[in-house]
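A.B. asks: First the structure, which I've put down as structure tokens, then a few questions once you've had a look.
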Amino acid sequence: MRAIVIGASAGGVQALLSILTALPPQFSCPILIVLHVPQRNDNPLVSLLRARCLLDVKEAEDKEPLGQGTIYFAPPGYHLLIEKNMTIALSSDEPVNFSRPAIDVLFETAADALSDAVTGIILTGANHDGAQGLRAIGAAGGTAIVQDPSTAEMPAMPLAALEACPLAQSLSIDEIIEFLRKEAA
Amino acid sequence: MDAALVTSSIEDIEIQLLLEALYQHYHYDFRQYARASIKRRLLQARSQLGYASISEIQAAVLRDATLLPRLLDFLTVQVSEMFRDPSYFRALREKVIPHLHTYPSLKVWVAGCSNGEELYSLSILFHEEGLARKTLFYATDINPTALKAAQAGVYSLDQIRLFTENHQRSGGRSSLSDYYTADYGRAVFDRSLSSQVVFSDHSLVTDAAFGEMHLISCRNVLIYFDRELQDRAVGLFRDSLARRGFLGLGSKESLRFSAHADAFDEFEREEKIYQRTAS
Ligand SMILES: C[S@@+](CC[C@H](N)C(=O)[O-])C[C@H]1O[C@@H](n2cnc3c(N)ncnc32)[C@H](O)[C@@H]1O
């Protein structure tokens with residue numbers, strides 16, 4: 001099985017909306033997403049996307065098996081992890097990079113569970129979360145992508161990821177969409 | 001194979017062996033804990049405790065029991081807050097407490113009590129609702145450092161703001177500050193809150209049921225177990241609950257896929273509060 005993992009922070013709602021609503025219904029990979037949102041809020045994107053996406057969109061549940069063509073969001077206040085048996089795990093461990101959920105946690109466990117069968121994408125954001133995780137994905141032979149910092153609403157997060165993982169491809173939102181369409185066609 | 005992959009799979013083997021060693025020598029059983037999270041935390045332990053490999057930790061902890069508590073602090077997760085998820089405590093207050101009023105005496109088990117935040121929350125709730133005097137609490141955990149902290153009931157004043165806000169949002173009828181005294185940057189919770197509490201070392205993995213509870217609150221513990229281990233723990237809860245007793249889980253835990261789902265009714269679905277069936 002292949003999977004896509006995406007990390008986004010400030011400016012991420014718009015970027016994710018553009019990408020996810022452009023994916024066709026036959027898209028075959030599971031997509032797991034960490035979006036930084038203030039702790040106590042519900043993730044506003046889940047219900048919004050459910051109405052506008054051709055794929056299934058849901059908040060990830062502990063122990064559920066990864067499903068083809070399903071988009072999973074980390075619930076606020078919980079880390080999202082992938083287990084080697086291709087199930088989802090949640091945890092309420094300490095915040096990482098001041099965030100829970102943290103992008104690094106998802107990406108590092110994705111690299112460990114899926115090695116070269118994972119694509120990691122870092123989108124706009126104003127912090128450095130995800131940089132180490134993207135590096136881990138690259139090191140395990142997976143595909144590393146960052147949103148082209150010059151096109152990102154907040155370039156800090158893609159820049160930090162590029163610095164940690166210099167071989168990552170730097171793509172615009174449209175190019176990311178194109179990449180994903182080919183990837184899971 | 002790629003170098004990073006080889007390293008990672010060697011680490012997996014070492015982790016397996018370390019967990020086996022901890023079980024055989026100390027009877028702490030983490031073998032069926034959700035592995036991805038355990039791996040992250042053991043790799044942290046390796047670097048923070050200054051070992052070159054997981055195998056080195058294993059060799060050290062087998063010979064030096066004083067290392068065990070420090071390792072347990074990595075293997076168990078001590079993240080908690082008072083009135084965590086205020087809506088859970090509100091549901092207990094509004095929906096469960098009215099049932100509890102009908103009993104002459106009550107037993108409440110806080111399983112996986114960590115540093116005591118959940119226990120003191122329940123104790124305060126029971127004081128506010130006039131149930132404290134007839135209630136005996138059991139607070140259990142496997143981490144001895146956490147159990148000691150729970151017994152002490154002392155928290156940093158930095159946390160009190162959050163605790164106070166949670167308490168209010170849970171429908172608190174009093175002020176949290178009625179229950180502690182501030183002292184050099186610490187909040188020391190009132191002895192009266194823990195006078196009817198039995199603290200004890202108990203593992204949901206290796207220990208037996210203990211009986212006739214009216215309410216078991218076990219939050220954010222099962223999430224660290226694999227499915228089979230979750231079933232074991234839930235079986236323990238089933239056997240420890242009085243008929244029509246209540247079980248409260250963490251906000252991302254449920255009995256939906258449990259082998260023992262039939263033994264419980266959903267009582268407050270959103271808040272993951274279940275009720276033992278009558279049979
Ligand atoms: C994340 S804390 C949860 C604290 C609190 N219940 C809450 O929800 O905020 C998890 C606790 O479970 C304890 N624990 C882990 N394994 C356990 C076991 N087998 N039996 C009992 N407690 C366990 C840990 O030591 C830790 O204190």
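Identifiers in the structure tokens: chain A, B, ... in order shown; residue index from 1 per chain; ligand index from 1 in order shown.
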9 Å from ligand 1 is the threshold here; counting only C-alpha atoms and all ligand atoms, which polymer residues fall inside it? Answer as a PyMOL selection string.
C.D. replies: (chain A and resi 91-93) or (chain B and resi 28-30+33+72-73+75-85+110-119+140-147+201-207+217-225+233+249-250)
A.B. asks: Write out as a ChimeraX atom specification each polymer residue whose atoms come within 10 Å of stretch 76-79 of chain A, counting only C-alpha atoms; drop sequence neighbours fewer than 3 positions from it.
C.D. replies: /A:34-43,59-60,73,89-96,99-106 /B:37,252
A.B. asks: Contacts of B:Asp262 at 12 Å or less, counting only C-alpha atoms, minus same-chain residues fewer than 6 places along, as a ChimeraX atom specification?
C.D. replies: /B:234-235,238,255-256,274-279
A.B. asks: Write out as a ChimeraX atom specification the set of residues from chain A that DSSP, computed on the backbone, places in strand (DSSP E or B).
C.D. replies: /A:3-8,31-35,56-59,65,70-73,79-82,87-91,96,99,118-122,143-147,169-171
A.B. asks: Give me a file of those residues, with C-alpha atoms, as a tab-separated table (two decimals), in the first residue's frame.
C.D. replies:
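The new file selection_2.tsv reads:
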```
chain	number	residue	atom	x	y	z
A	3	ALA	CA	0.07	6.54	1.39
A	4	ILE	CA	0.30	10.31	1.26
A	5	VAL	CA	1.01	12.39	4.38
A	6	ILE	CA	0.54	16.14	4.46
A	7	GLY	CA	1.50	18.74	7.06
A	8	ALA	CA	0.13	22.28	7.07
A	31	ILE	CA	-4.14	10.63	2.71
A	32	LEU	CA	-3.25	11.52	6.31
A	33	ILE	CA	-3.13	15.14	7.33
A	34	VAL	CA	-1.89	17.13	10.29
A	35	LEU	CA	-3.18	20.68	10.26
A	56	ASP	CA	-14.23	10.34	2.00
A	57	VAL	CA	-13.06	12.83	4.61
A	58	LYS	CA	-12.96	12.01	8.31
A	59	GLU	CA	-11.28	12.57	11.60
A	65	PRO	CA	-7.20	0.35	9.25
A	70	THR	CA	-9.84	8.18	2.34
A	71	ILE	CA	-8.65	11.48	3.79
A	72	TYR	CA	-7.87	11.38	7.51
A	73	PHE	CA	-7.33	14.41	9.71
A	79	HIS	CA	-0.86	12.98	17.65
A	80	LEU	CA	-1.59	10.90	14.56
A	81	LEU	CA	0.67	7.91	13.92
A	82	ILE	CA	0.83	5.06	11.40
A	87	THR	CA	-3.60	0.94	11.09
A	88	ILE	CA	-3.92	4.39	12.58
A	89	ALA	CA	-2.83	5.13	16.14
A	90	LEU	CA	-3.62	8.24	18.15
A	91	SER	CA	-1.69	9.34	21.20
A	96	VAL	CA	6.26	18.05	19.79
A	99	SER	CA	2.17	21.15	18.66
A	118	VAL	CA	5.03	7.14	1.21
A	119	THR	CA	4.93	10.68	-0.14
A	120	GLY	CA	5.32	13.50	2.36
A	121	ILE	CA	4.18	17.03	1.56
A	122	ILE	CA	4.91	20.12	3.66
A	143	THR	CA	9.09	10.96	-1.91
A	144	ALA	CA	9.59	14.37	-0.29
A	145	ILE	CA	7.74	17.44	-1.50
A	146	VAL	CA	7.44	20.99	-0.17
A	147	GLN	CA	5.18	23.76	-1.33
A	169	GLN	CA	10.94	18.74	-4.73
A	170	SER	CA	9.64	22.27	-4.49
A	171	LEU	CA	6.24	22.51	-6.20
```
A.B. asks: Leaving out stretch 13-20 of chain B and any residue of its chain fewer than 2 positions from it, which residues lie within 9 Å of it when counting only C-alpha atoms, given as a list in words?
C.D. replies: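 Counting only the stated atoms, we get Ser8, Ser9, Ile10, Glu11, Leu22, Tyr23, Gln24, His25, Tyr28, Asp29, Phe30, Arg31, Ile38, Lys39, Leu42, Ser53, Ile54, Ser55, Ile57, Gln58 and Ala59 of chain B.
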A.B. asks: Please provide as a ChimeraX atom specification all residues within 12 Å of A:Arg52, with the sequence filter that same-chain residues fewer than 5 positions apart are discarded (counting only C-alpha atoms).
C.D. replies: /A:16-25,45-47,57
A.B. asks: Would you pick out the contacts of B:Leu125 at 9 Å or less, using only C-alpha atoms, so that residues sharing its chain but fewer than 2 positions from it are not included, and give the list as a list in words?
C.D. replies: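 Those residues are Phe89, Leu92, Arg93, Tyr120, Ser121, Leu122, Ser123, His127, Glu128, Glu129, Gly130, Leu131, Ala132, Gly172 and Arg173 of chain B.
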A.B. asks: What is the distance between atom CA of A:Val13 and atom CA of A:Ala156, in Å to one decimal?
C.D. replies: 16.2 Å
A.B. asks: Compare A:Gln132, A:Thr109, A:Ser150, A:Ser172 by their minimum atom-to-atom distance to chain B, counting only C-alpha atoms, and give me the closest one.
C.D. replies: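 Under the stated criterion, the closest residue is A:Thr109.
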A.B. asks: Could you state the separation of atom CA of B:Lys148 and atom CA of B:Val198 in Å, given to one decimal place?
C.D. replies: 12.0 Å
A.B. asks: Of the residues B:Arg227, B:His214, B:His260, B:His99, which is the one nearest to chain A, using only C-alpha atoms?
C.D. replies: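 The answer is B:Arg227, which sits nearest to chain A.
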A.B. asks: Counting only C-alpha atoms, figure out which residue out of B:Leu5, B:Val108, B:Ala263, B:Leu241 gets nearest to B:Lys134.
C.D. replies: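 Using only C-alpha atoms, B:Lys134 sits closest to B:Val108.
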